[in-house]
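Source file: query.cif (mmCIF, C-alpha atoms)
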```cif
data_input
loop_
_atom_site.label_atom_id
_atom_site.label_comp_id
_atom_site.auth_asym_id
_atom_site.auth_seq_id
_atom_site.Cartn_x
_atom_site.Cartn_y
_atom_site.Cartn_z
CA MET A 164 0.00 0.00 0.00
CA THR A 165 1.26 3.48 -0.79
CA THR A 166 0.98 6.60 1.34
CA LYS A 167 -1.51 7.95 -1.23
CA GLU A 168 -3.78 4.93 -0.79
CA LEU A 169 -3.48 5.08 2.98
CA ILE A 170 -4.45 8.75 3.09
CA GLU A 171 -7.54 8.04 1.03
CA LYS A 172 -8.59 4.96 2.98
CA LEU A 173 -8.17 6.48 6.44
CA GLY A 174 -8.96 10.12 5.72
CA LEU A 175 -5.56 11.26 6.96
CA LYS A 176 -4.61 14.89 6.57
CA PRO A 177 -1.31 15.52 4.77
CA LEU A 178 0.54 18.38 6.44
CA SER A 179 3.85 18.46 4.54
CA LYS A 180 4.77 18.30 0.86
CA PHE A 181 6.20 14.93 -0.15
CA GLU A 182 6.39 12.23 -2.81
CA HIS A 183 4.23 9.20 -2.20
CA ARG A 184 5.94 5.91 -1.54
CA GLU A 185 5.28 2.32 -0.59
CA ILE A 186 4.66 1.59 3.08
CA LYS A 187 6.52 -1.34 4.57
CA GLY A 188 5.26 -2.06 8.04
CA ILE A 189 4.34 -0.01 11.06
CA PHE A 190 6.43 1.34 13.90
CA ILE A 191 4.85 2.82 17.00
CA SER A 192 6.89 4.87 19.44
CA ASP A 193 7.06 8.31 21.02
CA MET A 194 10.83 8.32 21.40
CA VAL A 195 13.18 9.09 18.57
CA SER A 196 15.91 7.00 20.16
CA ASP A 197 13.57 4.01 19.98
CA VAL A 198 12.88 4.73 16.31
CA MET A 199 16.57 5.03 15.56
CA THR A 200 17.30 1.63 17.02
CA GLY A 201 14.22 -0.27 15.92
CA ALA A 202 12.47 1.19 12.87
CA LYS A 203 13.10 -0.14 9.39
CA SER A 204 13.24 1.53 6.01
CA GLY A 205 9.74 2.23 4.69
CA ASN A 206 8.04 1.91 8.08
CA LEU A 207 5.03 4.08 8.82
CA TRP A 208 5.69 5.81 12.15
CA LEU A 209 2.83 6.54 14.55
CA THR A 210 3.59 9.07 17.27
CA ILE A 211 2.23 11.96 19.29
CA GLN A 212 5.59 13.75 19.23
CA THR A 213 5.67 16.90 17.11
CA HIS A 214 9.16 18.27 17.76
CA LYS A 215 11.32 18.94 14.70
CA SER A 216 13.54 16.03 15.74
CA ILE A 217 10.92 13.65 14.33
CA VAL A 218 11.70 14.91 10.83
CA SER A 219 15.44 14.31 11.12
CA THR A 220 14.73 10.92 12.66
CA ALA A 221 12.34 9.92 9.89
CA ASN A 222 14.87 11.08 7.33
CA LEU A 223 17.75 9.15 8.88
CA ALA A 224 15.66 6.00 9.33
CA ASP A 225 14.13 6.36 5.84
CA LEU A 226 10.55 6.08 7.03
CA SER A 227 7.68 6.21 4.55
CA ALA A 228 5.63 8.64 6.64
CA ILE A 229 4.94 9.97 10.10
CA ILE A 230 1.36 9.97 11.37
CA ILE A 231 0.81 12.37 14.23
CA THR A 232 -2.03 10.83 16.18
CA SER A 233 -4.65 12.07 18.62
CA GLY A 234 -5.09 15.29 16.69
CA LYS A 235 -1.92 16.78 18.14
CA ASN A 236 -1.07 20.21 16.82
CA VAL A 237 2.06 20.12 14.65
CA PRO A 238 4.16 23.28 14.69
CA GLN A 239 4.73 24.94 11.33
CA GLU A 240 8.50 24.61 11.79
CA THR A 241 8.17 20.84 11.88
CA ILE A 242 5.97 20.87 8.77
CA ASP A 243 8.35 23.18 6.89
CA LEU A 244 11.34 21.02 7.75
CA ALA A 245 9.46 17.90 6.65
CA SER A 246 8.53 19.50 3.31
CA LYS A 247 12.14 20.52 2.80
CA TYR A 248 13.31 16.93 3.21
CA ASN A 249 10.39 15.27 1.39
CA ILE A 250 9.15 13.62 4.59
CA ALA A 251 5.44 12.83 4.76
CA VAL A 252 3.83 14.16 7.93
CA LEU A 253 0.19 13.16 8.18
CA SER A 254 -2.35 13.95 10.84
CA SER A 255 -5.06 11.82 12.39
CA SER A 256 -7.54 12.68 15.11
CA ALA A 257 -7.61 9.03 16.17
CA PRO A 258 -5.59 7.86 19.15
CA THR A 259 -2.57 5.69 18.35
CA TYR A 260 -4.20 2.45 19.51
CA GLU A 261 -7.31 2.99 17.41
CA LEU A 262 -5.24 3.88 14.36
CA ALA A 263 -3.05 0.83 14.82
CA ILE A 264 -6.14 -1.38 14.75
CA LYS A 265 -7.35 0.28 11.55
CA LEU A 266 -3.94 -0.18 9.96
CA HIS A 267 -3.93 -3.83 10.97
CA ASP A 268 -7.37 -4.26 9.45
CA LEU A 269 -5.98 -2.80 6.21
CA GLY A 270 -3.31 -5.48 6.20
CA LEU A 271 -0.48 -3.33 7.45
CA ASP A 272 1.47 -4.77 10.29
CA LYS A 273 4.82 -4.67 12.03
CA GLY A 274 7.48 -4.38 9.31
CA MET B 1001 43.32 -5.25 5.22
CA SER B 1002 39.89 -6.82 5.55
CA LYS B 1003 38.15 -7.62 2.29
CA CYS B 1004 34.84 -8.09 4.03
CA HIS B 1005 31.92 -6.17 2.55
CA HIS B 1006 30.65 -5.35 6.00
CA GLN B 1007 26.96 -5.71 6.78
CA TRP B 1008 26.47 -3.66 9.90
CA GLU B 1009 23.86 -3.98 12.62
CA MET B 1010 23.36 -1.95 15.77
CA THR B 1011 24.36 -3.73 18.96
CA ASN B 1012 25.08 -3.03 22.64
CA VAL B 1013 22.33 -0.43 22.67
CA LYS B 1014 22.14 1.43 25.99
CA TYR B 1015 19.47 4.01 26.70
CA GLY B 1016 20.23 7.00 28.85
CA PHE B 1017 20.65 10.75 28.73
CA VAL B 1018 23.00 13.16 27.02
CA THR B 1019 23.66 15.84 29.60
CA PHE B 1020 24.68 19.39 28.78
CA ASP B 1021 26.63 21.14 31.54
CA LYS B 1022 27.67 24.76 31.40
CA CYS B 1023 30.03 26.89 33.46
CA PHE B 1024 28.51 30.35 33.68
CA ARG B 1025 31.85 31.85 34.68
CA ASN B 1026 33.61 31.14 31.39
CA ASN B 1027 30.86 29.59 29.20
CA ALA B 1028 32.69 26.26 29.07
CA ILE B 1029 30.46 23.42 27.89
CA LYS B 1030 30.65 19.76 28.83
CA THR B 1031 28.53 16.97 27.51
CA ASN B 1032 28.30 13.46 28.87
CA PHE B 1033 26.24 10.33 28.58
CA SER B 1034 24.54 9.33 31.79
CA SER B 1035 22.24 6.47 32.65
CA THR B 1036 20.26 8.76 34.95
CA ASP B 1037 18.47 12.05 34.58
CA THR B 1038 19.78 14.53 37.13
CA PRO B 1039 18.60 18.03 36.16
CA GLY B 1040 20.13 21.00 37.90
CA GLU B 1041 23.15 19.08 39.20
CA GLU B 1042 26.06 21.34 40.08
CA TYR B 1043 29.72 20.37 40.40
CA ARG B 1044 33.12 21.95 40.40
CA GLU B 1045 36.08 21.21 38.14
CA GLY B 1046 39.07 23.45 38.67
CA ASP B 1047 37.91 27.03 38.33
CA CYS B 1048 34.68 25.98 36.65
CA ILE B 1049 31.39 25.43 38.37
CA PHE B 1050 29.29 23.38 36.02
CA ILE B 1051 25.53 23.31 36.17
CA ARG B 1052 23.43 20.82 34.28
CA VAL B 1053 21.36 22.90 31.89
CA GLU B 1054 19.69 20.24 29.81
CA ASN B 1055 19.15 16.53 29.50
CA ALA B 1056 18.01 14.77 26.40
CA GLN B 1057 17.06 11.13 26.22
CA SER B 1058 19.38 9.30 23.93
CA PHE B 1059 21.27 6.07 23.49
CA THR B 1060 24.71 4.69 22.78
CA PHE B 1061 25.51 1.79 20.51
CA ASP B 1062 28.19 -0.17 18.72
CA LEU B 1063 28.08 -1.55 15.22
CA HIS B 1064 28.65 -5.23 14.55
CA CYS B 1065 29.39 -6.78 11.19
CA THR B 1066 27.18 -9.83 10.69
CA VAL B 1067 29.61 -11.25 8.13
CA CYS B 1068 33.01 -11.08 9.82
CA ASN B 1069 31.95 -10.35 13.44
CA ARG B 1070 33.94 -7.15 13.62
CA LEU B 1071 32.78 -4.86 16.40
CA GLU B 1072 33.15 -1.11 16.01
CA SER B 1073 32.61 0.93 19.15
CA PHE B 1074 30.89 4.31 18.97
CA LYS B 1075 31.17 5.29 22.60
CA GLU B 1076 32.56 8.66 21.57
CA LEU B 1077 29.50 9.50 19.47
CA MET B 1078 27.23 11.89 21.36
CA GLY B 1079 24.60 12.30 18.67
CA LEU B 1080 23.68 13.21 15.15
CA LEU B 1081 22.47 16.54 13.89
CA GLN B 1082 20.76 17.45 10.64
CA CYS B 1083 21.71 20.70 8.96
CA THR B 1084 18.78 23.13 8.76
CA ASP B 1085 20.37 25.84 6.58
CA CYS B 1086 20.76 28.42 9.30
CA LEU B 1087 24.22 29.75 8.36
CA PRO B 1088 24.62 30.22 4.56
CA GLU B 1089 28.42 30.27 4.62
CA CYS B 1090 28.82 27.32 6.95
CA PRO B 1091 30.76 24.52 5.23
CA VAL B 1092 28.11 22.01 6.33
CA GLU B 1093 25.35 24.02 4.67
CA VAL B 1094 27.47 24.45 1.53
CA LEU B 1095 28.03 20.69 1.50
CA GLN B 1096 24.32 20.02 2.07
CA LYS B 1097 23.36 22.18 -0.94
CA GLU B 1098 25.91 20.32 -3.06
CA TYR B 1099 24.72 16.88 -1.94
CA ALA B 1100 21.00 17.72 -2.06
CA ILE B 1101 21.25 17.67 -5.85
CA LYS B 1102 22.22 14.01 -5.53
CA ASN B 1103 19.39 13.33 -3.00
CA THR B 1104 21.93 12.87 -0.24
CA TRP B 1105 21.30 14.30 3.20
CA ILE B 1106 24.11 15.46 5.46
CA PHE B 1107 24.15 14.55 9.13
CA VAL B 1108 26.80 15.84 11.50
CA ALA B 1109 28.33 13.49 14.07
CA PHE B 1110 29.03 15.09 17.43
CA GLY B 1111 31.49 13.82 19.96
CA TYR B 1112 31.34 14.61 23.63
CA LEU B 1113 32.67 18.03 24.61
CA PRO B 1114 35.27 19.20 25.33
CA GLU B 1115 37.23 16.08 24.29
CA ALA B 1116 35.87 16.08 20.75
CA ASN B 1117 37.37 19.51 20.10
CA THR B 1118 40.86 18.03 20.13
CA LYS B 1119 40.05 14.41 19.38
CA PRO B 1120 37.22 14.27 16.84
CA ILE B 1121 35.54 11.03 15.86
CA PRO B 1122 37.93 9.34 13.37
CA ASP B 1123 37.00 9.58 9.71
CA HIS B 1124 36.93 5.80 9.29
CA LYS B 1125 34.20 5.59 11.95
CA LEU B 1126 32.18 8.28 10.20
CA ASP B 1127 32.52 6.26 7.00
CA ILE B 1128 31.27 3.15 8.79
CA LEU B 1129 28.30 5.10 10.16
CA THR B 1130 27.53 6.37 6.66
CA VAL B 1131 27.65 2.83 5.28
CA TYR B 1132 25.45 1.54 8.11
CA PHE B 1133 22.70 4.11 7.67
CA ASN B 1134 22.75 3.66 3.91
CA GLN B 1135 22.47 -0.10 4.35
CA ARG B 1136 19.29 0.57 6.33
CA ARG B 1137 17.62 2.61 3.61
CA ASP B 1138 16.40 2.44 0.06
CA THR B 1139 19.33 4.23 -1.54
CA SER B 1140 17.55 4.44 -4.89
CA ARG B 1141 15.50 7.24 -3.30
CA SER B 1142 18.05 9.01 -1.12
CA LYS B 1143 21.31 8.55 0.75
CA ILE B 1144 22.97 9.74 3.91
CA LYS B 1145 26.43 11.16 4.49
CA ILE B 1146 27.87 11.61 7.97
CA VAL B 1147 30.39 14.43 8.45
CA PRO B 1148 32.41 15.61 11.46
CA PHE B 1149 31.12 18.43 13.65
CA ASN B 1150 34.29 20.48 13.31
CA LEU B 1151 33.01 21.42 9.84
CA ILE B 1152 30.37 23.58 11.48
CA GLN B 1153 31.46 27.16 11.00
CA ASN B 1154 30.17 28.58 14.25
CA LEU B 1155 28.92 26.14 16.83
CA SER B 1156 27.50 28.85 19.07
CA ARG B 1157 25.26 30.06 16.22
CA CYS B 1158 24.33 26.69 14.76
CA LYS B 1159 20.62 25.89 14.91
CA GLY B 1160 20.87 22.44 13.39
CA GLU B 1161 18.40 19.82 14.54
CA PHE B 1162 19.79 17.29 16.99
CA ILE B 1163 18.16 13.89 16.91
CA HIS B 1164 17.20 13.42 20.52
CA ASP B 1165 14.11 13.27 22.69
CA VAL B 1166 13.30 16.58 24.30
CA GLY B 1167 10.40 17.78 26.34
CA MET B 1168 9.05 14.29 26.73
CA LEU B 1169 6.95 15.30 29.69
CA SER B 1170 5.58 18.42 28.10
CA ALA B 1171 2.20 18.49 26.43
CA GLU B 1172 2.95 21.88 24.98
CA PRO B 1173 4.34 22.40 21.49
CA PRO B 1174 8.00 23.41 21.33
CA PRO B 1175 8.83 27.15 21.28
CA GLN B 1176 8.72 28.91 17.91
CA GLU B 1177 12.14 30.53 18.24
CA ARG B 1178 15.02 28.16 17.53
CA LYS B 1179 17.81 28.57 20.02
CA PRO B 1180 21.43 28.21 18.92
CA LEU B 1181 23.01 24.87 19.59
CA LEU B 1182 25.21 25.88 22.52
#
```

Just dump the structure as structure tokens.
Amino acid sequence: MTTKELIEKLGLKPLSKFEHREIKGIFISDMVSDVMTGAKSGNLWLTIQTHKSIVSTANLADLSAIIITSGKNVPQETIDLASKYNIAVLSSSAPTYELAIKLHDLGLDKG
Amino acid sequence: MSKCHHQWEMTNVKYGFVTFDKCFRNNAIKTNFSSTDTPGEEYREGDCIFIRVENAQSFTFDLHCTVCNRLESFKELMGLLQCTDCLPECPVEVLQKEYAIKNTWIFVAFGYLPEANTKPIPDHKLDILTVYFNQRRDTSRSKIKIVPFNLIQNLSRCKGEFIHDVGMLSAEPPPQERKPLL
């Protein structure tokens, strides 16, 4: 499944400018150090963190997209940095657990 | 010389905190890795009285080659920073513009201060880090290059983005104004 398809299926809100790509698995964490050690290339990252560090982390770990869950407000600086580095930042009002279930139901699972 | 085409994996991962200590008498900076979070700690070293000004959750690791079993320690690596184009004449920013054309992103490797000022992380280790992170990604889309922090033109004015966990207990969004690195 691509990020484009996921956005359409789940009604996610794209916040940054990015090129769509294939999603390979899910990674859930609110700590960038955890993502750095455990996430794999192409993973879709679910988090409530909105600090600019998430963009650099997603870039370094080559993640397919970041979904900010629970309707958290994402600062414009984070969005601008993500657009600059072609990192998809998407927003969902759903809590992480609920979104994870929906993703599982779509056939996306731990990568 | 080894002919192994190393396949690196992260190992010996230890979670903890990078601590930033500052002496307000002479602006000396010290950074350390600690397993505990001790904000506001004060201690004396010579004429300096250091106060802990910030902690950031982080981790240390080594890299292990799954082919030949070689272990490369990265205990001197404090963290990685991504250039955010804040100083147009900074060599890192100049390098980033040059590499961006090739879809390659520059990350700066920091060592612990003050030791890293005189003993930077060796180039061969930065090369290994570069190889490792590129082995983890789809390099047909983009690549990574790790460079040493002494390329940064002016550390006290750098507003590059450190990869670390900050404000983990805060529900508020981060401040709008970016503070310089040190």

Exercise for review: Write out as a list in words every residue belonging to chain B that has an atom at most 6 Å from any atom of chain A, counting only C-alpha atoms.
Suggested key: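 Matching residues, ligands excluded from the count: Ser1058, Arg1137, Ile1163 and Asp1165 of chain B.
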
Review point. Which polymer residues have any atom within 10 Å of an atom of Arg1052 in chain B, counting only C-alpha atoms, with same-chain residues fewer than 6 positions away left out, as a list in words?
Key: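 Near Arg1052 in chain B, the qualifying residues are Thr1019, Phe1020, Asp1021, Lys1022, Cys1023, Ile1029, Lys1030, Thr1031, Thr1038, Pro1039, Gly1040, Glu1041, Glu1042 and Tyr1043 of chain B.
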
Review point. Rounded to one decimal in Å, what is the spacing between CA of Asn206 in chain A and CA of Ala1100 in chain B?
Key: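 CA of Ala1100 in chain B lies 22.8 Å from CA of Asn206 in chain A.
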
Review point. Residues picked by the PyMOL selection byres ((chain B and resi 1076) around 7) here, as a PyMOL selection string?
Key: chain B and resi 1074-1075+1077-1078+1111-1112+1121

Check your understanding: If the PyMOL selection byres ((chain A and resi 270) around 12) is run on the structure shown, which residues does it catch, given as a ChimeraX atom specification?
Key -> /A:164,169,186-189,263-269,271-274

**Study point:** Between CA of Trp208 in chain A and CA of Thr166 in chain A - distance in Å to one decimal
**Key:**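 Result for CA of Thr166 in chain A versus CA of Trp208 in chain A: 11.8 Å, one decimal.
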
Practice item. Please indicate the distance in Å from CA of Pro1120 in chain B to CA of Lys1102 in chain B, rounded to one decimal place. Key: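 Computing the Euclidean distance for CA of Pro1120 in chain B and CA of Lys1102 in chain B yields 26.9 Å.
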
Point to revise | Matched chain/residue IDs from the PyMOL selection byres ((chain B and resi 1139) around 12), as a count of residues only | key: 24

How would range 238-272 of chain A read, as a PDB file, in the coordinates of the input, once N, CA and C atoms are built in?
```pdb
ATOM      1  N   PRO A 238       3.642  21.943  14.947  1.00  0.00           N
ATOM      2  CA  PRO A 238       4.160  23.280  14.690  1.00  0.00           C
ATOM      3  C   PRO A 238       4.566  23.458  13.224  1.00  0.00           C
ATOM      4  N   GLN A 239       4.412  24.667  12.724  1.00  0.00           N
ATOM      5  CA  GLN A 239       4.730  24.940  11.330  1.00  0.00           C
ATOM      6  C   GLN A 239       6.200  24.657  11.024  1.00  0.00           C
ATOM      7  N   GLU A 240       7.073  24.880  12.006  1.00  0.00           N
ATOM      8  CA  GLU A 240       8.500  24.610  11.790  1.00  0.00           C
ATOM      9  C   GLU A 240       8.746  23.149  11.453  1.00  0.00           C
ATOM     10  N   THR A 241       8.027  22.279  12.138  1.00  0.00           N
ATOM     11  CA  THR A 241       8.170  20.840  11.880  1.00  0.00           C
ATOM     12  C   THR A 241       7.671  20.524  10.475  1.00  0.00           C
ATOM     13  N   ILE A 242       6.542  21.109  10.104  1.00  0.00           N
ATOM     14  CA  ILE A 242       5.970  20.870   8.770  1.00  0.00           C
ATOM     15  C   ILE A 242       6.902  21.399   7.682  1.00  0.00           C
ATOM     16  N   ASP A 243       7.440  22.583   7.895  1.00  0.00           N
ATOM     17  CA  ASP A 243       8.350  23.180   6.890  1.00  0.00           C
ATOM     18  C   ASP A 243       9.594  22.335   6.712  1.00  0.00           C
ATOM     19  N   LEU A 244      10.134  21.852   7.833  1.00  0.00           N
ATOM     20  CA  LEU A 244      11.340  21.020   7.750  1.00  0.00           C
ATOM     21  C   LEU A 244      11.024  19.714   7.015  1.00  0.00           C
ATOM     22  N   ALA A 245       9.861  19.151   7.305  1.00  0.00           N
ATOM     23  CA  ALA A 245       9.460  17.900   6.650  1.00  0.00           C
ATOM     24  C   ALA A 245       9.307  18.110   5.136  1.00  0.00           C
ATOM     25  N   SER A 246       8.705  19.214   4.746  1.00  0.00           N
ATOM     26  CA  SER A 246       8.530  19.500   3.310  1.00  0.00           C
ATOM     27  C   SER A 246       9.886  19.656   2.632  1.00  0.00           C
ATOM     28  N   LYS A 247      10.782  20.296   3.335  1.00  0.00           N
ATOM     29  CA  LYS A 247      12.140  20.520   2.800  1.00  0.00           C
ATOM     30  C   LYS A 247      12.829  19.202   2.488  1.00  0.00           C
ATOM     31  N   TYR A 248      12.621  18.215   3.367  1.00  0.00           N
ATOM     32  CA  TYR A 248      13.310  16.930   3.210  1.00  0.00           C
ATOM     33  C   TYR A 248      12.419  15.829   2.636  1.00  0.00           C
ATOM     34  N   ASN A 249      11.262  16.241   2.053  1.00  0.00           N
ATOM     35  CA  ASN A 249      10.390  15.270   1.390  1.00  0.00           C
ATOM     36  C   ASN A 249       9.916  14.182   2.346  1.00  0.00           C
ATOM     37  N   ILE A 250       9.634  14.570   3.583  1.00  0.00           N
ATOM     38  CA  ILE A 250       9.150  13.620   4.590  1.00  0.00           C
ATOM     39  C   ILE A 250       7.648  13.833   4.757  1.00  0.00           C
ATOM     40  N   ALA A 251       6.900  12.748   4.623  1.00  0.00           N
ATOM     41  CA  ALA A 251       5.440  12.830   4.760  1.00  0.00           C
ATOM     42  C   ALA A 251       5.068  12.932   6.225  1.00  0.00           C
ATOM     43  N   VAL A 252       4.409  14.029   6.581  1.00  0.00           N
ATOM     44  CA  VAL A 252       3.830  14.160   7.930  1.00  0.00           C
ATOM     45  C   VAL A 252       2.319  14.226   7.742  1.00  0.00           C
ATOM     46  N   LEU A 253       1.636  13.269   8.324  1.00  0.00           N
ATOM     47  CA  LEU A 253       0.190  13.160   8.180  1.00  0.00           C
ATOM     48  C   LEU A 253      -0.444  13.313   9.557  1.00  0.00           C
ATOM     49  N   SER A 254      -1.678  13.741   9.562  1.00  0.00           N
ATOM     50  CA  SER A 254      -2.350  13.950  10.840  1.00  0.00           C
ATOM     51  C   SER A 254      -3.592  13.080  10.932  1.00  0.00           C
ATOM     52  N   SER A 255      -3.843  12.574  12.140  1.00  0.00           N
ATOM     53  CA  SER A 255      -5.060  11.820  12.390  1.00  0.00           C
ATOM     54  C   SER A 255      -5.615  12.239  13.750  1.00  0.00           C
ATOM     55  N   SER A 256      -6.932  12.336  13.828  1.00  0.00           N
ATOM     56  CA  SER A 256      -7.540  12.680  15.110  1.00  0.00           C
ATOM     57  C   SER A 256      -7.654  11.433  16.002  1.00  0.00           C
ATOM     58  N   ALA A 257      -7.458  10.272  15.408  1.00  0.00           N
ATOM     59  CA  ALA A 257      -7.610   9.030  16.170  1.00  0.00           C
ATOM     60  C   ALA A 257      -6.431   8.812  17.103  1.00  0.00           C
ATOM     61  N   PRO A 258      -6.694   8.222  18.270  1.00  0.00           N
ATOM     62  CA  PRO A 258      -5.590   7.860  19.150  1.00  0.00           C
ATOM     63  C   PRO A 258      -4.743   6.757  18.501  1.00  0.00           C
ATOM     64  N   THR A 259      -3.512   6.636  18.962  1.00  0.00           N
ATOM     65  CA  THR A 259      -2.570   5.690  18.350  1.00  0.00           C
ATOM     66  C   THR A 259      -3.113   4.266  18.320  1.00  0.00           C
ATOM     67  N   TYR A 260      -3.712   3.833  19.432  1.00  0.00           N
ATOM     68  CA  TYR A 260      -4.200   2.450  19.510  1.00  0.00           C
ATOM     69  C   TYR A 260      -5.280   2.200  18.460  1.00  0.00           C
ATOM     70  N   GLU A 261      -6.197   3.132  18.362  1.00  0.00           N
ATOM     71  CA  GLU A 261      -7.310   2.990  17.410  1.00  0.00           C
ATOM     72  C   GLU A 261      -6.786   2.965  15.968  1.00  0.00           C
ATOM     73  N   LEU A 262      -5.811   3.825  15.706  1.00  0.00           N
ATOM     74  CA  LEU A 262      -5.240   3.880  14.360  1.00  0.00           C
ATOM     75  C   LEU A 262      -4.487   2.606  14.037  1.00  0.00           C
ATOM     76  N   ALA A 263      -3.797   2.070  15.035  1.00  0.00           N
ATOM     77  CA  ALA A 263      -3.050   0.830  14.820  1.00  0.00           C
ATOM     78  C   ALA A 263      -3.993  -0.313  14.440  1.00  0.00           C
ATOM     79  N   ILE A 264      -5.156  -0.334  15.076  1.00  0.00           N
ATOM     80  CA  ILE A 264      -6.140  -1.380  14.750  1.00  0.00           C
ATOM     81  C   ILE A 264      -6.623  -1.211  13.314  1.00  0.00           C
ATOM     82  N   LYS A 265      -6.892   0.019  12.929  1.00  0.00           N
ATOM     83  CA  LYS A 265      -7.350   0.280  11.550  1.00  0.00           C
ATOM     84  C   LYS A 265      -6.284  -0.127  10.545  1.00  0.00           C
ATOM     85  N   LEU A 266      -5.036   0.167  10.875  1.00  0.00           N
ATOM     86  CA  LEU A 266      -3.940  -0.180   9.960  1.00  0.00           C
ATOM     87  C   LEU A 266      -3.812  -1.705   9.860  1.00  0.00           C
ATOM     88  N   HIS A 267      -3.972  -2.362  10.973  1.00  0.00           N
ATOM     89  CA  HIS A 267      -3.930  -3.830  10.970  1.00  0.00           C
ATOM     90  C   HIS A 267      -5.058  -4.393  10.107  1.00  0.00           C
ATOM     91  N   ASP A 268      -6.227  -3.794  10.240  1.00  0.00           N
ATOM     92  CA  ASP A 268      -7.370  -4.260   9.450  1.00  0.00           C
ATOM     93  C   ASP A 268      -7.148  -4.028   7.957  1.00  0.00           C
ATOM     94  N   LEU A 269      -6.307  -3.059   7.624  1.00  0.00           N
ATOM     95  CA  LEU A 269      -5.980  -2.800   6.210  1.00  0.00           C
ATOM     96  C   LEU A 269      -4.882  -3.722   5.712  1.00  0.00           C
ATOM     97  N   GLY A 270      -4.361  -4.538   6.591  1.00  0.00           N
ATOM     98  CA  GLY A 270      -3.310  -5.480   6.200  1.00  0.00           C
ATOM     99  C   GLY A 270      -1.915  -4.995   6.457  1.00  0.00           C
ATOM    100  N   LEU A 271      -1.805  -3.838   7.101  1.00  0.00           N
ATOM    101  CA  LEU A 271      -0.480  -3.330   7.450  1.00  0.00           C
ATOM    102  C   LEU A 271      -0.132  -3.785   8.853  1.00  0.00           C
ATOM    103  N   ASP A 272       1.072  -4.236   9.001  1.00  0.00           N
ATOM    104  CA  ASP A 272       1.470  -4.770  10.290  1.00  0.00           C
ATOM    105  C   ASP A 272       2.915  -4.396  10.601  1.00  0.00           C
TER     106      ASP A 272
END
```
